[in-house]
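Student: Got a structure for you, run.cif, holding mmCIF, C-alpha atoms.
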data_entry
loop_
_atom_site.label_atom_id
_atom_site.label_comp_id
_atom_site.auth_asym_id
_atom_site.auth_seq_id
_atom_site.Cartn_x
_atom_site.Cartn_y
_atom_site.Cartn_z
CA MET K 1 7.02 43.92 0.76
CA LYS K 2 5.13 43.17 3.97
CA GLN K 3 3.83 46.07 6.05
CA GLY K 4 5.61 44.80 9.21
CA THR K 5 8.97 44.84 7.42
CA ILE K 6 8.48 48.44 6.27
CA ILE K 7 7.55 49.59 9.79
CA ASN K 8 10.60 47.84 11.28
CA ARG K 9 12.87 49.58 8.78
CA ILE K 10 11.34 52.98 9.53
CA ILE K 11 11.85 52.44 13.27
CA MET K 12 15.49 51.38 12.74
CA LEU K 13 16.16 54.46 10.58
CA LEU K 14 14.58 56.74 13.19
CA LEU K 15 16.71 55.20 15.97
CA MET K 16 19.86 55.57 13.87
CA GLY K 17 18.98 59.20 13.20
CA VAL K 18 18.52 59.92 16.92
CA ILE K 19 21.89 58.32 17.74
CA LEU K 20 23.68 60.26 15.00
CA LEU K 21 22.03 63.49 16.14
CA TYR K 22 23.16 62.88 19.73
CA LEU K 23 26.75 62.08 18.71
CA GLY K 24 26.88 65.08 16.44
CA GLY K 25 25.60 67.36 19.19
CA ALA K 26 28.16 66.00 21.65
CA ALA K 27 30.97 66.54 19.13
CA TRP K 28 29.76 70.07 18.42
CA ARG K 29 29.60 70.94 22.11
CA GLY K 30 33.10 69.51 22.55
CA LEU K 31 34.43 71.73 19.78
CA ARG K 32 32.61 74.81 21.09
CA ASP K 33 33.61 74.27 24.75
CA PRO K 34 37.30 75.25 25.19
CA TYR K 35 37.22 74.34 28.90
CA PRO K 36 35.84 70.80 29.29
CA THR K 37 35.73 69.49 32.86
CA VAL K 38 36.09 66.09 34.52
CA GLN K 39 34.97 65.37 38.06
CA ALA K 40 37.77 64.54 40.51
CA TYR K 41 37.12 61.62 42.86
CA SER K 42 38.72 59.72 45.72
CA TYR K 43 40.99 56.93 44.54
CA GLN K 44 43.56 54.53 45.93
CA VAL K 45 46.72 53.22 44.32
CA ASP K 46 47.95 49.90 45.67
CA ASP K 47 51.42 48.45 45.68
CA ALA K 48 50.19 44.92 45.06
CA LEU K 49 51.26 41.58 43.63
CA GLU K 50 48.92 39.06 42.00
CA ALA K 51 49.22 35.44 43.13
CA THR K 52 47.34 32.23 42.35
CA GLY K 53 47.22 29.51 44.98
CA TYR K 54 45.13 27.20 47.13
CA LEU K 55 43.23 27.53 50.38
CA VAL K 56 44.11 24.85 52.88
CA ARG K 57 42.05 23.83 55.94
CA GLU K 58 41.88 21.03 58.50
CA GLU K 59 38.95 19.13 56.98
CA GLN K 60 37.17 15.92 57.96
CA VAL K 61 35.07 14.33 55.20
CA LEU K 62 31.71 12.86 56.23
CA THR K 63 30.36 9.84 54.36
CA GLY K 64 27.03 8.08 54.07
CA SER K 65 24.72 6.39 51.58
CA GLY K 66 21.09 6.84 50.74
CA GLY K 67 18.74 7.27 47.82
CA ILE K 68 18.23 10.94 48.66
CA VAL K 69 20.57 13.08 50.77
CA ARG K 70 19.48 16.24 52.56
CA LEU K 71 22.14 18.41 54.20
CA THR K 72 20.75 20.17 57.27
CA PRO K 73 23.27 22.90 58.30
CA ALA K 74 23.85 25.96 56.13
CA GLU K 75 27.18 26.46 54.37
CA GLY K 76 29.66 27.92 56.85
CA GLU K 77 27.44 27.17 59.86
CA LYS K 78 29.09 26.19 63.15
CA VAL K 79 28.04 22.72 64.35
CA SER K 80 28.72 20.92 67.61
CA ALA K 81 30.01 17.38 68.12
CA GLY K 82 27.23 14.83 67.69
CA ALA K 83 25.06 17.16 65.58
CA THR K 84 23.11 15.78 62.63
CA VAL K 85 24.52 17.19 59.39
CA ALA K 86 22.70 15.04 56.81
CA LEU K 87 19.48 13.06 56.53
CA LEU K 88 19.43 10.00 54.27
CA TYR K 89 16.14 8.88 52.73
CA ALA K 90 15.40 5.58 51.07
CA ASP K 91 13.09 7.17 48.49
CA GLU K 92 11.05 10.26 47.63
CA ALA K 93 8.16 9.14 49.83
CA ALA K 94 10.42 9.09 52.88
CA LEU K 95 11.58 12.64 52.12
CA GLU K 96 8.00 13.88 51.77
CA ARG K 97 7.04 12.23 55.08
CA ASP K 98 9.93 13.93 56.85
CA GLN K 99 9.00 17.33 55.42
CA ARG K 100 5.42 16.74 56.54
CA LEU K 101 6.70 15.79 59.97
CA GLU K 102 8.60 19.09 60.30
CA THR K 103 5.45 21.03 59.36
CA LEU K 104 3.39 19.14 61.93
CA GLN K 105 5.98 19.70 64.67
CA ALA K 106 5.83 23.44 64.02
CA GLU K 107 2.03 23.32 64.19
CA GLU K 108 2.19 21.34 67.43
CA SER K 109 4.32 24.08 68.98
CA GLN K 110 1.95 26.80 67.75
CA LEU K 111 -1.15 25.01 69.04
CA SER K 112 0.45 24.35 72.42
CA SER K 113 1.39 28.02 72.78
CA ALA K 114 -2.13 29.14 71.83
CA ILE K 115 -3.77 26.85 74.40
CA ALA K 116 -1.36 28.01 77.11
CA LEU K 117 -2.46 31.64 76.62
CA ALA K 118 -6.05 31.10 77.82
CA GLY K 119 -7.49 33.72 80.18
CA GLU K 120 -5.47 36.75 79.07
CA SER K 121 -6.69 40.28 79.70
CA SER K 122 -8.70 42.33 77.16
CA GLN K 123 -5.67 44.52 76.57
CA GLN K 124 -3.62 41.45 75.62
CA THR K 125 -6.48 40.24 73.42
CA GLU K 126 -6.47 43.57 71.57
CA ARG K 127 -2.72 43.28 71.10
CA SER K 128 -3.11 39.75 69.71
CA SER K 129 -5.49 41.09 67.04
CA GLN K 130 -2.81 43.56 66.02
CA VAL K 131 -0.23 40.74 65.82
CA VAL K 132 -2.52 38.80 63.44
CA LEU K 133 -2.95 41.87 61.25
CA GLU K 134 0.81 42.58 61.17
CA ALA K 135 1.63 38.94 60.29
CA LEU K 136 -0.99 38.95 57.52
CA THR K 137 0.33 42.24 56.13
CA LYS K 138 3.94 40.94 55.98
CA LEU K 139 2.81 37.70 54.34
CA ARG K 140 0.74 39.51 51.73
CA ALA K 141 3.54 41.99 50.96
CA ALA K 142 6.01 39.13 50.44
CA VAL K 143 3.68 37.31 48.05
CA GLU K 144 2.86 40.43 46.03
CA SER K 145 6.52 41.42 45.71
CA GLY K 146 7.60 37.90 44.78
CA ASP K 147 10.04 37.74 47.70
CA PHE K 148 9.76 34.15 48.93
CA THR K 149 13.05 34.02 50.86
CA ARG K 150 11.24 34.12 54.22
CA LEU K 151 7.84 32.82 53.13
CA GLU K 152 7.99 29.71 55.31
CA SER K 153 8.76 31.64 58.52
CA GLN K 154 6.17 34.32 57.68
CA THR K 155 3.49 31.69 57.06
CA SER K 156 4.37 30.02 60.35
CA ALA K 157 4.14 33.35 62.22
CA PHE K 158 0.72 34.05 60.72
CA LYS K 159 -0.65 30.60 61.61
CA SER K 160 0.69 30.94 65.15
CA ALA K 161 -1.01 34.32 65.57
CA VAL K 162 -4.32 32.94 64.26
CA TYR K 163 -4.18 29.94 66.62
CA GLN K 164 -3.55 32.21 69.59
CA GLN K 165 -6.35 34.54 68.57
CA ALA K 166 -8.75 31.60 68.22
CA GLN K 167 -7.89 30.47 71.75
CA ARG K 168 -8.68 33.91 73.17
CA TYR K 169 -12.12 33.88 71.54
CA GLY K 170 -13.15 30.58 73.13
CA ASP K 171 -12.30 27.88 70.56
CA ALA K 172 -10.35 25.88 73.15
CA ASP K 173 -12.05 22.55 72.38
CA GLU K 174 -11.35 22.83 68.67
CA LEU K 175 -7.70 23.73 69.29
CA GLN K 176 -7.29 20.85 71.74
CA ALA K 177 -8.76 18.45 69.20
CA ALA K 178 -6.44 19.81 66.51
CA LEU K 179 -3.45 19.36 68.84
CA SER K 180 -4.40 15.74 69.57
CA ALA K 181 -4.80 14.96 65.86
CA THR K 182 -1.47 16.61 65.08
CA ARG K 183 0.36 14.61 67.74
CA SER K 184 -1.20 11.38 66.51
CA GLU K 185 -0.02 12.02 62.95
CA ILE K 186 3.46 12.92 64.25
CA ASP K 187 3.73 9.59 66.08
CA SER K 188 2.66 7.71 62.95
CA LEU K 189 5.18 9.49 60.71
CA ARG K 190 8.01 8.97 63.19
CA ALA K 191 7.33 5.25 63.23
CA GLN K 192 7.49 5.06 59.42
CA ASN K 193 10.62 7.18 59.16
CA SER K 194 12.51 5.08 61.65
CA ARG K 195 12.55 2.29 59.06
CA ASP K 196 13.61 4.16 55.89
CA MET K 197 15.56 7.19 57.05
CA GLY K 198 19.11 7.50 58.39
CA ARG K 199 21.26 10.28 59.84
CA VAL K 200 24.88 11.35 59.46
CA THR K 201 26.38 12.98 62.53
CA THR K 202 29.74 14.57 63.15
CA ALA K 203 32.12 13.37 65.84
CA GLN K 204 33.83 16.77 66.06
CA SER K 205 32.64 20.32 66.31
CA GLY K 206 33.61 22.79 63.59
CA ILE K 207 32.42 24.68 60.53
CA PHE K 208 30.16 22.84 58.08
CA SER K 209 30.68 22.75 54.31
CA GLY K 210 28.61 20.87 51.78
CA GLN K 211 31.37 20.81 49.15
CA VAL K 212 33.88 17.98 48.89
CA ASP K 213 36.44 18.50 46.08
CA GLY K 214 39.09 15.82 46.62
CA TYR K 215 41.74 18.20 47.99
CA GLU K 216 40.85 17.41 51.60
CA THR K 217 43.53 14.73 51.97
CA ILE K 218 46.03 16.24 49.48
CA LEU K 219 46.26 19.72 50.97
CA THR K 220 46.46 19.65 54.76
CA PRO K 221 48.00 22.01 57.33
CA GLU K 222 50.59 19.30 58.13
CA THR K 223 51.82 18.89 54.54
CA VAL K 224 51.33 22.31 52.96
CA THR K 225 54.57 23.82 54.26
CA ALA K 226 56.57 20.97 52.70
CA LEU K 227 55.22 21.49 49.17
CA THR K 228 57.63 22.76 46.53
CA PRO K 229 56.69 25.45 43.96
CA GLN K 230 56.44 22.82 41.23
CA GLN K 231 54.17 20.62 43.33
CA LEU K 232 51.85 23.52 44.03
CA GLU K 233 51.66 24.54 40.40
CA SER K 234 51.04 20.96 39.23
CA LEU K 235 47.96 20.54 41.44
CA GLU K 236 45.71 22.08 38.81
CA ASP K 237 46.72 19.49 36.21
CA ARG K 238 46.08 16.46 38.45
CA ALA K 239 42.78 14.66 38.98
CA HIS K 240 41.46 14.77 42.54
CA PRO K 241 38.70 12.15 42.75
CA VAL K 242 36.14 12.45 45.53
CA GLY K 243 35.76 9.32 47.66
CA ALA K 244 32.66 7.17 47.30
CA GLY K 245 29.87 8.23 49.63
CA SER K 246 31.42 11.62 50.44
CA LEU K 247 28.58 13.92 51.47
CA ALA K 248 30.06 16.93 53.23
CA LYS K 249 32.89 17.95 55.53
CA ILE K 250 33.64 19.60 58.84
CA ILE K 251 36.46 22.15 59.13
CA THR K 252 37.84 21.36 62.56
CA ASP K 253 40.41 24.13 63.05
CA SER K 254 39.83 27.89 62.87
CA THR K 255 43.23 28.55 61.24
CA TRP K 256 43.31 28.32 57.45
CA TYR K 257 46.10 28.81 54.93
CA PHE K 258 46.77 30.19 51.48
CA ALA K 259 49.64 28.54 49.62
CA CYS K 260 51.05 29.92 46.36
CA ALA K 261 54.20 29.89 44.23
CA LEU K 262 55.92 33.23 43.56
CA PRO K 263 58.98 34.39 41.63
CA GLN K 264 61.89 34.67 44.06
CA GLU K 265 62.49 38.36 43.25
CA GLN K 266 58.92 39.16 44.30
CA ALA K 267 58.87 36.89 47.35
CA VAL K 268 61.82 38.76 48.92
CA ARG K 269 59.30 41.41 49.97
CA LEU K 270 57.80 38.87 52.38
CA THR K 271 59.46 37.90 55.64
CA LEU K 272 58.60 35.11 58.06
CA GLY K 273 56.26 36.26 60.79
CA SER K 274 55.25 39.48 59.03
CA THR K 275 51.73 40.19 57.81
CA VAL K 276 50.38 41.13 54.41
CA LYS K 277 46.91 42.15 53.29
CA VAL K 278 45.34 39.55 50.97
CA ARG K 279 42.51 40.81 48.75
CA PHE K 280 39.97 38.33 47.38
CA SER K 281 37.78 39.67 44.59
CA ARG K 282 36.38 36.80 42.52
CA ASP K 283 34.34 34.10 44.27
CA TRP K 284 34.40 36.14 47.49
CA SER K 285 35.10 39.83 48.00
CA GLY K 286 37.08 40.65 51.10
CA GLU K 287 40.45 41.61 52.54
CA VAL K 288 42.27 39.57 55.17
CA GLU K 289 45.44 40.32 57.10
CA MET K 290 47.45 37.09 56.83
CA LYS K 291 50.67 36.01 58.52
CA VAL K 292 53.64 34.72 56.51
CA THR K 293 53.94 31.17 57.91
CA SER K 294 56.60 29.67 55.64
CA ILE K 295 58.78 30.43 52.61
CA SER K 296 60.40 27.49 50.83
CA GLN K 297 63.84 27.23 49.28
CA SER K 298 64.12 28.61 45.76
CA GLN K 299 63.55 26.11 42.98
CA GLU K 300 64.21 27.28 39.44
CA GLY K 301 63.70 30.88 40.51
CA ARG K 302 60.42 30.29 42.34
CA VAL K 303 59.46 29.76 45.98
CA ALA K 304 56.39 28.38 47.74
CA VAL K 305 54.82 30.81 50.22
CA VAL K 306 52.26 29.87 52.87
CA LEU K 307 50.11 32.50 54.59
CA SER K 308 47.73 31.87 57.49
CA SER K 309 44.73 33.49 59.18
CA ASN K 310 41.96 32.63 61.63
CA ARG K 311 39.41 35.18 60.39
CA TYR K 312 36.44 34.88 57.98
CA LEU K 313 36.55 31.06 57.98
CA SER K 314 32.76 30.72 57.62
CA GLN K 315 32.83 32.89 54.50
CA ILE K 316 35.59 31.07 52.60
CA THR K 317 34.51 27.43 53.03
CA LEU K 318 33.72 27.07 49.29
CA LEU K 319 37.00 28.57 48.07
CA ARG K 320 39.92 26.42 46.94
CA ARG K 321 41.98 27.65 43.98
CA GLN K 322 41.99 31.43 43.97
CA THR K 323 43.77 34.36 42.35
CA VAL K 324 44.31 37.12 44.89
CA GLU K 325 46.28 40.31 45.38
CA LEU K 326 48.97 40.61 48.02
CA VAL K 327 48.73 44.28 48.99
CA PHE K 328 51.92 45.68 50.54
CA SER K 329 50.78 49.29 50.84
CA SER K 330 47.99 51.60 49.70
CA GLN K 331 48.15 55.27 48.79
CA PRO K 332 44.84 57.17 49.00
CA GLY K 333 44.36 60.45 47.16
CA ILE K 334 42.31 62.30 44.56
CA ARG K 335 42.29 61.11 40.97
CA VAL K 336 42.46 63.76 38.22
CA PRO K 337 43.25 63.53 34.48
CA THR K 338 46.95 63.87 33.74
CA GLY K 339 46.12 66.56 31.18
CA ALA K 340 44.76 68.78 33.95
CA ILE K 341 48.10 69.02 35.79
CA ARG K 342 50.06 72.24 35.29
CA MET K 343 53.38 73.38 36.79
CA GLU K 344 53.02 76.98 37.93
CA THR K 345 54.64 79.51 40.24
CA VAL K 346 52.61 79.78 43.42
CA ALA K 347 53.07 82.10 46.41
CA VAL K 348 53.07 80.07 49.64
CA PRO K 349 53.82 81.12 53.24
CA ASP K 350 57.22 80.14 54.65
CA PRO K 351 56.67 77.84 57.70
CA GLU K 352 59.32 79.69 59.72
CA THR K 353 59.12 83.35 58.70
CA LYS K 354 55.43 83.28 57.66
CA GLU K 355 56.41 85.44 54.70
CA GLU K 356 55.22 84.42 51.27
CA LYS K 357 57.66 82.95 48.82
CA GLU K 358 57.21 81.80 45.26
CA ILE K 359 57.81 78.17 44.34
CA LYS K 360 57.07 75.96 41.37
CA MET K 361 54.43 73.34 42.12
CA ALA K 362 51.72 71.28 40.48
CA CYS K 363 48.27 72.83 40.17
CA VAL K 364 44.87 72.06 38.71
CA TYR K 365 42.11 74.48 37.80
CA VAL K 366 38.55 73.90 38.99
CA GLN K 367 35.39 75.45 37.64
CA VAL K 368 33.61 77.36 40.43
CA GLY K 369 30.50 79.05 39.06
CA VAL K 370 31.64 80.75 35.86
CA GLN K 371 35.26 81.20 36.96
CA ALA K 372 38.42 79.10 37.02
CA GLU K 373 39.99 78.65 40.43
CA ARG K 374 43.56 77.41 40.90
CA LYS K 375 44.17 74.56 43.37
CA PRO K 376 47.78 73.64 44.25
CA VAL K 377 48.32 69.90 44.67
CA THR K 378 51.02 67.40 45.58
CA VAL K 379 51.52 64.58 43.06
CA LEU K 380 51.47 61.15 44.74
CA ALA K 381 51.46 58.66 41.85
CA GLN K 382 51.23 58.55 38.10
CA GLY K 383 48.95 56.21 36.12
CA GLU K 384 48.52 55.64 32.40
CA ASP K 385 45.98 58.42 31.91
CA TYR K 386 45.52 59.82 35.39
CA THR K 387 47.49 61.36 38.24
CA LEU K 388 46.88 60.70 41.93
CA VAL K 389 47.22 63.93 43.87
CA GLN K 390 46.77 65.30 47.35
CA ALA K 391 45.33 68.74 48.02
CA TYR K 392 47.99 71.20 49.14
CA VAL K 393 47.06 73.02 52.34
CA PRO K 394 49.75 75.41 53.66
CA GLU K 395 50.91 74.93 57.24
CA GLY K 396 48.86 77.14 59.56
CA ALA K 397 46.17 77.71 56.91
CA THR K 398 42.87 79.15 58.07
CA ALA K 399 39.59 77.24 57.83
CA THR K 400 38.63 79.33 54.80
CA GLN K 401 41.90 78.51 53.03
CA ALA K 402 41.52 74.81 53.83
CA LYS K 403 37.99 74.79 52.38
CA LYS K 404 39.34 76.19 49.09
CA ALA K 405 41.70 73.23 48.61
CA LEU K 406 40.94 70.57 45.99
CA ARG K 407 38.26 68.11 47.06
CA PRO K 408 36.64 65.01 45.53
CA GLY K 409 33.69 66.10 43.44
CA ASP K 410 35.34 69.27 42.12
CA ASN K 411 35.03 69.80 38.35
CA VAL K 412 38.63 69.85 37.12
CA ILE K 413 39.26 71.79 33.92
CA ILE K 414 41.14 70.13 31.07
CA ALA K 415 42.41 72.85 28.75
CA SER K 416 45.59 73.24 26.76
CA GLY K 417 45.00 76.95 26.20
CA GLU K 418 45.74 79.90 28.44
CA ILE K 419 44.02 79.92 31.81
CA TRP K 420 44.56 81.74 35.10
CA ASP K 421 43.10 82.04 38.57
CA GLY K 422 39.81 83.95 38.36
CA LYS K 423 39.45 83.67 34.58
CA VAL K 424 35.82 83.89 33.47
CA LEU K 425 34.90 80.80 31.47
CA GLU K 426 32.78 81.63 28.43
#
Translate this structure into structure tokens?
Tutor:
Amino acid sequence: MKQGTIINRIIMLLLMGVILLYLGGAAWRGLRDPYPTVQAYSYQVDDALEATGYLVREEQVLTGSGGIVRLTPAEGEKVSAGATVALLYADEAALERDQRLETLQAEESQLSSAIALAGESSQQTERSSQVVLEALTKLRAAVESGDFTRLESQTSAFKSAVYQQAQRYGDADELQAALSATRSEIDSLRAQNSRDMGRVTTAQSGIFSGQVDGYETILTPETVTALTPQQLESLEDRAHPVGAGSLAKIITDSTWYFACALPQEQAVRLTLGSTVKVRFSRDWSGEVEMKVTSISQSQEGRVAVVLSSNRYLSQITLLRRQTVELVFSSQPGIRVPTGAIRMETVAVPDPETKEEKEIKMACVYVQVGVQAERKPVTVLAQGEDYTLVQAYVPEGATATQAKKALRPGDNVIIASGEIWDGKVLE
């Protein structure tokens, strides 16, 4: 048997032994500890309904043709009418020339700024040295950490600082010569690009999206309220080809819609004109208050519901078919294990007479130091293995009494045996 195989087996046996030792110790501690604890924490129970549907927007598809397409705005960016949204290149060489042109234009701006700062005071010169050092430090830190998200802007800032520093130390002739050479190369590249580069502009202002999915003409604000439940549910099974030359789109209206089919018995909780909280949690995490815009006639026990909103449009441009939660209400509280709840007789002050009276109410016990401390609670909701409770604070309670109420972070005792307020836990 090879030596490497023997060593591997020894290591595996040692690891298995450590795991078994840990599990055995945990089991032994569990058997020895008659008062195990679980930390209580803040929790929220929602009265919610899951729904799957489609996002609908007023969308204008932009078309164009070229060997290489470069989209210029960022996803969700607001663009004005007449803005360039895509650059079309005949080949790779044209793309490289345009990228070189952008670099040269940035250098032209930096050189021009450096030359314009001639004759500054010594105090300003000292400050410029500090700017160079700060720019170099940021650039070096980014490279060493591997964070290249802002490398281009950091490099540009460093070059600009160096140009300005060179101007202050008397290299005006060299900078002027560099500026002239840069402008000459810019003119040459512009002349070449005018022949093998095109632009796509938008006739309308709106929000830019680089994704075209074929739903743009099928789902529109004008037609969505007329869709039946069956038509909505059949959209997933149909092909939605994207038109030839489709590059991107502009969302031209700030109002967007979510259309879904629901069972009629669930949809009765929605009324026209009311609002409901819609929680997205898959491709985008967020909650939006949406207005109930339309509810269709029932068809085989289902209805089509359309909700609308004018918020977060820039963040949901890539979403189309989504499963969301319609949240009707939320109940915040403190989550504790169901096994920790006990019904006990507790003396509480009467709100009117201020005299104490004994009533049966839910309680939990919390470990405070080496003792058990009883905390009365009000049960709010029941889960499969947990109970949502609210700390009980008597009316007119003092600050000290209020501080002794159950709080998130308390170590709640789970014990089936006898326990009382003040019991010393061994």
Student: Between atom CA of Ala116 of chain K and atom CA of Arg97 of chain K, what is the distance, to one decimal in Å?
Tutor: 28.4 Å
Student: What is the distance, in Å and to one decimal place, between atom CA of Arg320 of chain K and atom CA of Phe258 of chain K?
Tutor: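 Going from atom CA of Arg320 of chain K over to atom CA of Phe258 of chain K, I get 9.0 Å.
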Student: Evaluated on this file, the PyMOL selection byres ((chain K and resi 324-331) around 12) picks out some residues - which ones are they, written as a VMD selection string?
Tutor: chain K and resid 42 to 55 258 to 260 262 266 to 267 269 to 271 274 to 292 305 307 319 to 323 332 to 335 379 to 382 388 to 390
Student: Near segment 242-246 of chain K, counting all atoms listed in the file, which residues have an atom at most 7 Å away, once you skip same-chain residues fewer than 4 positions from it, shown as number ranges by chain?
Tutor: K: 61-65, 212-214
Student: Which is closer to Tyr215 of chain K than all the others in K:Glu59, K:Glu92, K:Asp187, K:Glu233, using only C-alpha atoms?
Tutor: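 Closest to Tyr215 of chain K, using only C-alpha atoms: K:Glu59.
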Student: Pick the closest to Ala93 of chain K from K:Met12, K:Ala261, K:Ala106, K:Met197: which is it, counting all atoms listed in the file?
Tutor: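 Residue with the minimum atom-to-atom distance to Ala93 of chain K: K:Met197.
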Student: Could you tell me how far atom CA of Ser109 of chain K sits from atom CA of Gln176 of chain K, in Å to one decimal place?
Tutor: 12.4 Å
Student: Run the PyMOL selection byres ((chain K and resi 192) around 12) mentally over the shown coordinates, then write out the matched residues as a ChimeraX atom specification, using the chain letters and numbers from the document.
Tutor: /K:89-90,93-98,101,185-191,193-198
